[in-house]
Amino acid sequence: MLSQTLLLPPNTTSSPKCHHFHSDPFSSSSLRISTTTTTTTPPLSHSPKRSLRPSKSTPKPFTVSASSSSPLQALIFDCDGVILESEHLHRQAYNDAFAHFNVRCPLSASDPLHWGLEFYDVLQNRIGGGKPKMRWYFKENGYPSSSIFESPPKEDSDREKLIDILQDWKTERYKEIIKSGTVEPRPGVLRLMDEARAAGIKLSVCSAATKSSVILCLENLIGIERFQGLDCFLAGDDVKEKKPDPSIYLTASKRLGVPSTNCLVVEDSVIGLQAATKAGMPCVVTYTSSTANQDFKDAIALFPDLSDVRLEQLEQLLQNVLVAE
């Protein structure tokens, strides 16, 4: 059977070094440099630690108190990996879809296609969006047989139909997992959103994922009031090109009415970082176990999560970038 790991496209931007802020990003003593090249992968099941955080159901009323001199006018969050650590959930949903439709790739395989943990960690950090992932994989390994098409589809229209059906089923399965109530937002996300809103800073979520699944995630994880209070919400369905293309962030800048240089993006992967920087937006990274060893040299700061990150720190980081320019 073909080795999944060896078939991935080369990562021309990866580097073994990664700079981490573990507490105050302005203290030299808090800067750690990791040179390990061993990728730590998340477990199949996710049981996030409980921590004190604002209620995700009903945020307190917001009081606008932003200073007109603040360079930070819009705070933009990615969803998967930033608001929730979700890639293992997506992998589970893909594998469930492959099993449900008896997807055999290669054709000689005795069992349905199964994307392994280490393979998917690399795949999801190279190719954004579900359909592009499957297009790439089937192009490299051959289109599969399945209960959808008994023989591998040869026409482009049939190949797209196969991918559409798999992606739609996978999305519904992912929604079931999210609605199970076992998934929580990453530490610090809700508090930081509330701080930004209270300061009169515009809030946005920009995700490459399918819109219906992102809406479900946001309504369940940040609460309906916060979701409806977003100044801009964009998903993969809203733009023609996926990250690392900057389209989604350029579109957000226009809809928010905020110059790119006054937007700050929170991402978790090098794909998202590239999309933000190509759009001219400074970006901080809150990495996950599957992205920690990526090359984030273009990020203005790295954090293991947002639990100790305050809005004032982000404003100062952005101010430093603008002064340096």
# chains A, B, ... in the order shown; residues from 1 in each chain; ligands from 1

$ select_by_dssp --residues "region 208-285 of chain A" --states "helix (DSSP H, G or I)" --output "PyMOL selection string"
chain A and resi 211-221+224-228+236-238+247-256+260-262+270-278

$ write_last_selection --atoms "N, CA and C atoms" --output "CSV table (one decimal), in the first residue's frame"
chain,number,residue,atom,x,y,z
A,211,LYS,N,-19.4,26.9,5.0
A,211,LYS,CA,-20.1,27.9,5.8
A,211,LYS,C,-21.0,27.3,6.9
A,212,SER,N,-21.8,26.3,6.5
A,212,SER,CA,-22.8,25.7,7.4
A,212,SER,C,-22.1,25.1,8.6
A,213,SER,N,-20.9,24.5,8.4
A,213,SER,CA,-20.2,23.9,9.6
A,213,SER,C,-19.6,25.0,10.5
A,214,VAL,N,-19.1,26.1,9.9
A,214,VAL,CA,-18.5,27.1,10.7
A,214,VAL,C,-19.6,27.8,11.5
A,215,ILE,N,-20.8,28.1,10.9
A,215,ILE,CA,-21.9,28.7,11.6
A,215,ILE,C,-22.3,27.8,12.8
A,216,LEU,N,-22.3,26.5,12.6
A,216,LEU,CA,-22.7,25.6,13.7
A,216,LEU,C,-21.7,25.7,14.8
A,217,CYS,N,-20.4,25.7,14.4
A,217,CYS,CA,-19.3,25.8,15.4
A,217,CYS,C,-19.4,27.1,16.2
A,218,LEU,N,-19.6,28.2,15.5
A,218,LEU,CA,-19.6,29.5,16.2
A,218,LEU,C,-20.8,29.6,17.1
A,219,GLU,N,-22.0,29.2,16.7
A,219,GLU,CA,-23.2,29.3,17.5
A,219,GLU,C,-23.0,28.4,18.8
A,220,ASN,N,-22.4,27.3,18.6
A,220,ASN,CA,-22.2,26.4,19.8
A,220,ASN,C,-21.1,26.7,20.7
A,221,LEU,N,-20.0,27.3,20.1
A,221,LEU,CA,-18.8,27.6,20.9
A,221,LEU,C,-18.7,29.0,21.4
A,224,ILE,N,-24.7,32.4,20.4
A,224,ILE,CA,-25.4,33.0,19.3
A,224,ILE,C,-25.3,34.5,19.3
A,225,GLU,N,-25.3,35.1,20.5
A,225,GLU,CA,-25.2,36.6,20.6
A,225,GLU,C,-23.8,37.1,20.1
A,226,ARG,N,-22.7,36.4,20.4
A,226,ARG,CA,-21.4,36.9,19.9
A,226,ARG,C,-21.4,36.6,18.4
A,227,PHE,N,-21.9,35.5,18.0
A,227,PHE,CA,-21.9,35.2,16.5
A,227,PHE,C,-22.7,36.3,15.7
A,228,GLN,N,-23.9,36.6,16.2
A,228,GLN,CA,-24.7,37.6,15.5
A,228,GLN,C,-24.1,39.0,15.6
A,236,GLY,N,-15.4,29.6,3.5
A,236,GLY,CA,-14.8,29.2,2.3
A,236,GLY,C,-15.7,29.3,1.1
A,237,ASP,N,-17.0,29.3,1.3
A,237,ASP,CA,-18.0,29.4,0.3
A,237,ASP,C,-18.1,30.8,-0.3
A,238,ASP,N,-17.5,31.8,0.5
A,238,ASP,CA,-17.7,33.2,0.1
A,238,ASP,C,-16.6,33.7,-0.8
A,247,SER,N,-7.6,36.2,-0.5
A,247,SER,CA,-8.9,36.7,-0.9
A,247,SER,C,-9.8,36.9,0.3
A,248,ILE,N,-9.9,35.9,1.2
A,248,ILE,CA,-10.8,36.0,2.3
A,248,ILE,C,-10.5,37.2,3.2
A,249,TYR,N,-9.2,37.5,3.4
A,249,TYR,CA,-8.9,38.6,4.3
A,249,TYR,C,-9.0,39.9,3.6
A,250,LEU,N,-8.7,40.0,2.3
A,250,LEU,CA,-8.9,41.2,1.5
A,250,LEU,C,-10.4,41.6,1.5
A,251,THR,N,-11.3,40.5,1.3
A,251,THR,CA,-12.7,40.7,1.3
A,251,THR,C,-13.2,41.2,2.7
A,252,ALA,N,-12.6,40.7,3.8
A,252,ALA,CA,-13.0,41.1,5.1
A,252,ALA,C,-12.6,42.6,5.3
A,253,SER,N,-11.4,43.0,4.9
A,253,SER,CA,-11.0,44.4,5.0
A,253,SER,C,-12.0,45.3,4.4
A,254,LYS,N,-12.5,45.0,3.2
A,254,LYS,CA,-13.4,45.8,2.5
A,254,LYS,C,-14.8,45.9,3.2
A,255,ARG,N,-15.3,44.7,3.7
A,255,ARG,CA,-16.5,44.7,4.4
A,255,ARG,C,-16.5,45.4,5.7
A,256,LEU,N,-15.4,45.3,6.4
A,256,LEU,CA,-15.2,46.0,7.7
A,256,LEU,C,-15.0,47.5,7.5
A,260,SER,N,-6.0,47.2,5.8
A,260,SER,CA,-5.4,46.0,6.1
A,260,SER,C,-4.4,46.2,7.3
A,261,THR,N,-3.7,47.3,7.3
A,261,THR,CA,-2.6,47.5,8.3
A,261,THR,C,-3.2,47.8,9.7
A,262,ASN,N,-4.5,48.1,9.7
A,262,ASN,CA,-5.2,48.3,11.0
A,262,ASN,C,-6.0,47.1,11.5
A,270,VAL,N,0.6,27.9,9.2
A,270,VAL,CA,1.4,28.7,8.2
A,270,VAL,C,0.5,29.1,7.0
A,271,ILE,N,-0.4,28.2,6.6
A,271,ILE,CA,-1.3,28.5,5.5
A,271,ILE,C,-2.1,29.8,5.8
A,272,GLY,N,-2.7,29.9,7.0
A,272,GLY,CA,-3.4,31.1,7.4
A,272,GLY,C,-2.5,32.3,7.6
A,273,LEU,N,-1.3,32.1,8.1
A,273,LEU,CA,-0.4,33.2,8.2
A,273,LEU,C,0.0,33.7,6.9
A,274,GLN,N,0.2,32.9,5.9
A,274,GLN,CA,0.5,33.4,4.6
A,274,GLN,C,-0.6,34.2,4.0
A,275,ALA,N,-1.9,33.7,4.2
A,275,ALA,CA,-3.0,34.4,3.7
A,275,ALA,C,-3.1,35.8,4.3
A,276,ALA,N,-2.9,35.9,5.6
A,276,ALA,CA,-2.9,37.2,6.2
A,276,ALA,C,-1.9,38.2,5.8
A,277,THR,N,-0.6,37.7,5.7
A,277,THR,CA,0.5,38.5,5.3
A,277,THR,C,0.4,39.0,3.9
A,278,LYS,N,-0.1,38.1,3.0
A,278,LYS,CA,-0.3,38.5,1.6
A,278,LYS,C,-1.4,39.5,1.5

$ residues_around --residues "Pro106 (chain A)" --least-positions-apart "4" --cutoff "8 Å" --atoms "only C-alpha atoms" --output "PyMOL selection string"
chain A and resi 1+141-144

$ write_last_selection --atoms "all heavy atoms" --output "mmCIF file, in the first residue's frame"
data_model
loop_
_atom_site.group_PDB
_atom_site.id
_atom_site.type_symbol
_atom_site.label_atom_id
_atom_site.label_comp_id
_atom_site.auth_asym_id
_atom_site.auth_seq_id
_atom_site.Cartn_x
_atom_site.Cartn_y
_atom_site.Cartn_z
ATOM 1 N N MET A 1 0.850 -1.201 0.000
ATOM 2 C CA MET A 1 0.000 0.000 0.000
ATOM 3 C C MET A 1 0.873 1.235 0.000
ATOM 4 O O MET A 1 1.930 1.282 0.619
ATOM 5 C CB MET A 1 -0.888 0.014 1.250
ATOM 6 C CG MET A 1 -1.907 1.137 1.262
ATOM 7 S SD MET A 1 -3.084 0.926 2.615
ATOM 8 C CE MET A 1 -4.090 2.369 2.358
ATOM 9 N N ASN A 141 -3.162 9.540 -6.022
ATOM 10 C CA ASN A 141 -3.301 8.106 -5.748
ATOM 11 C C ASN A 141 -4.290 7.387 -6.652
ATOM 12 O O ASN A 141 -4.440 6.174 -6.557
ATOM 13 C CB ASN A 141 -3.720 7.910 -4.290
ATOM 14 C CG ASN A 141 -2.669 8.404 -3.312
ATOM 15 O OD1 ASN A 141 -1.686 7.728 -3.041
ATOM 16 N ND2 ASN A 141 -2.873 9.602 -2.797
ATOM 17 N N GLY A 142 -4.951 8.142 -7.507
ATOM 18 C CA GLY A 142 -5.963 7.563 -8.371
ATOM 19 C C GLY A 142 -7.344 7.704 -7.760
ATOM 20 O O GLY A 142 -7.502 7.580 -6.538
ATOM 21 N N TYR A 143 -8.329 7.986 -8.603
ATOM 22 C CA TYR A 143 -9.694 8.112 -8.095
ATOM 23 C C TYR A 143 -10.205 6.750 -7.653
ATOM 24 O O TYR A 143 -9.905 5.726 -8.273
ATOM 25 C CB TYR A 143 -10.604 8.753 -9.138
ATOM 26 C CG TYR A 143 -10.576 10.264 -9.052
ATOM 27 C CD1 TYR A 143 -9.482 10.980 -9.540
ATOM 28 C CD2 TYR A 143 -11.593 10.962 -8.424
ATOM 29 C CE1 TYR A 143 -9.428 12.360 -9.429
ATOM 30 C CE2 TYR A 143 -11.554 12.343 -8.300
ATOM 31 C CZ TYR A 143 -10.472 13.039 -8.801
ATOM 32 O OH TYR A 143 -10.415 14.398 -8.674
ATOM 33 N N PRO A 144 -10.992 6.711 -6.579
ATOM 34 C CA PRO A 144 -11.362 5.433 -5.956
ATOM 35 C C PRO A 144 -12.642 4.833 -6.513
ATOM 36 O O PRO A 144 -13.449 5.499 -7.167
ATOM 37 C CB PRO A 144 -11.576 5.843 -4.505
ATOM 38 C CG PRO A 144 -12.161 7.223 -4.614
ATOM 39 C CD PRO A 144 -11.463 7.861 -5.788
#

$ atom_distance --atom1 "CA of Ser269 (chain A)" --atom2 "CA of Gln294 (chain A)"
7.4 Å

$ closest_residue --among "A:Asp96, A:Asp231, A:Asp121, A:Asp298" --to "Val258 (chain A)" --atoms "only C-alpha atoms"
A:Asp231

$ closest_residue --among "A:Thr288, A:Gln313, A:Ser157, A:Ser207" --to "Asp78 (chain A)" --atoms "only C-alpha atoms"
A:Ser207
